[in-house]
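Beneath this line is the structure, given in structure tokens, with notes to follow.
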Amino acid sequence: MTDQEPIIRLKNVTKSFDRHVVLNAVSLEVAPGKITVIIGPSGCGKSVLLKHIVGLMRPDKGKVFFEGYEVSALGERELVPIRQQIGFLFQGGALFDSMTVEENICFPLTENDGAWADEAARRQRCHEVLTLVGLDGAQHKFPEEMSGGEKKRVALARAIALNPKVILYDEPTTGLDPIRADLINELILKLKNALGNTAVVVTHDMQSTRKIADRIVMLYQGRFIADMTVDTLGRVDNEIVARFVEGRASEEELAQLRTGRVEGPANMQS
Ligand SMILES: Nc1ncnc2c1ncn2[C@@H]1O[C@H](COP(=O)(O)OP(=O)(O)OP(=O)(O)O)[C@@H](O)[C@H]1O
Ligand SMILES: [Mg+2]
């Protein structure tokens, strides 16, 4: 049996901000119909990597492909049909504050060259995706009237509204209570199993990772340092990866905590 062609491919992608090299010749092939989870410490470049897949950021060096198209070489107009196939749940949600929940969710539908010209059809789709995230009835609320977790679920509903082939989830369960987080895990699995969606999930949530991942890669200091499955997660021999997976700080990190003061200013005497 031959492996399927990757649906997303990053080839030696390098990206720096000022002189800070965030991605250092990173390569990744994402298999279609699978859930690839990217883990790694805060600030290591996970969100930056996702933005390269939809052409929101361009590599300094290297190439990014989606289904054989070189995303990193396409102009804004040529990127439109590609972006229609990729749902993106942004880390901060990125809802439009001046729009209602329904308007936010229908926005990508109205942008979609006429296929969703019928308003009743758009409303129906909005009702469907809000039902999937457990928020049907919130259509006429504004983002500021909702909790952080609710906003995240609206953003997720918007990301899946167009039935995209690929969904990029940037921390889908962060800020959700454990039950809601589990429902989002189930939804990610359902979209894969029922619709054959490909997913790339950036997360710090190891419980979620264990539940949904077909493959787990770890980004660290500009490179991928581990390529694992749920089965191999518990027996990695790389100390950095093992500590991350187990949520265990290093001796040096603990030493910093010991030498730093946790009490108030020294001149505050009782
Ligand atoms: N637009 C930008 N301009 C300048 N620097 C940026 C920009 N976007 C990201 N960076 C820098 O790139 C690095 C990686 O950022 P990124 O948002 O990808 O981290 P992350 O791995 O997603 O972290 P977290 O887990 O905290 O979300 C950080 O040092 C960040 O400051
Ligand atoms: Mg991030």
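Ordered as shown in the structure tokens, chains take letters A, B, and onward, while each chain numbers its residues from 1 and ligands are numbered from 1 in the order shown.
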(request) List all protein, DNA and RNA residues that have any atom at most 12 Å from ligand 1, counting only C-alpha atoms and all ligand atoms, and write the list as number ranges by chain. (result) A: 14-24, 38-52, 56-58, 90-92, 169-172, 174, 201-205, 218-223
(request) Would you list, as JSON, numbers by chain, the residues of range 54-127 of chain A that end up in strand (DSSP E or B) under DSSP run on this structure's backbone? (result) {"A": [61, 62, 63, 64, 65, 66, 69, 70, 86, 87, 88, 89]}
Please, which residues in range 139-229 of chain A fall within 8 Å of range 239-257 of chain A when counting only C-alpha atoms, and what is the closest atom pair and distance in Å to one decimal for each, ordered by chain then residue number, as CSV?
```
residue,atom,partner,partner_atom,distance
A:Met206,CA,A:Val245,CA,6.8
A:Met218,CA,A:Val241,CA,7.4
A:Ile225,CA,A:Val241,CA,7.9
A:Ala226,CA,A:Val241,CA,7.2
```
(request) Could you give me, as JSON, numbers by chain, the residues within 7 Å of Ile86 in chain A, counting only C-alpha atoms and dropping anything in the same chain fewer than 4 positions from it? (result) {"A": [82, 164, 165, 166, 167]}
(request) Identify, on the basis of only C-alpha atoms, every residue whose closest approach to Ile184 in chain A does not exceed 8 Å; exclude the query and any residue fewer than 4 positions from it along the same chain; express the result as a PyMOL selection string. (result) chain A and resi 133+172-173+180+188
(message) Taking only C-alpha atoms into account, name the residue in A:Cys106, A:Lys190, A:Gly260, A:Val30 that is nearest to Ala120 in chain A.
(response) A:Cys106
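Straight-line separation from atom 1 (Mg, counted along the ligand's line) of ligand 2 to CA of Leu89 in chain A: 11.3 Å.
Nearest to Pro6 in chain A of all the residues A:Thr198, A:Glu128, A:Lys61, A:Val236 is A:Thr198, based on only C-alpha atoms.
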(request) Just the helix (DSSP H, G or I) stuff from range 7-156 of chain A, please, per backbone DSSP, written as a VMD selection string. (result) chain A and resid 46 to 53 71 to 73 76 to 83 101 to 110 119 to 132 143 to 145 148 to 156
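Closest to Gly62 in chain A among A:Leu109, A:Leu10, A:Val217, A:Leu135 is A:Leu10, based on only C-alpha atoms.
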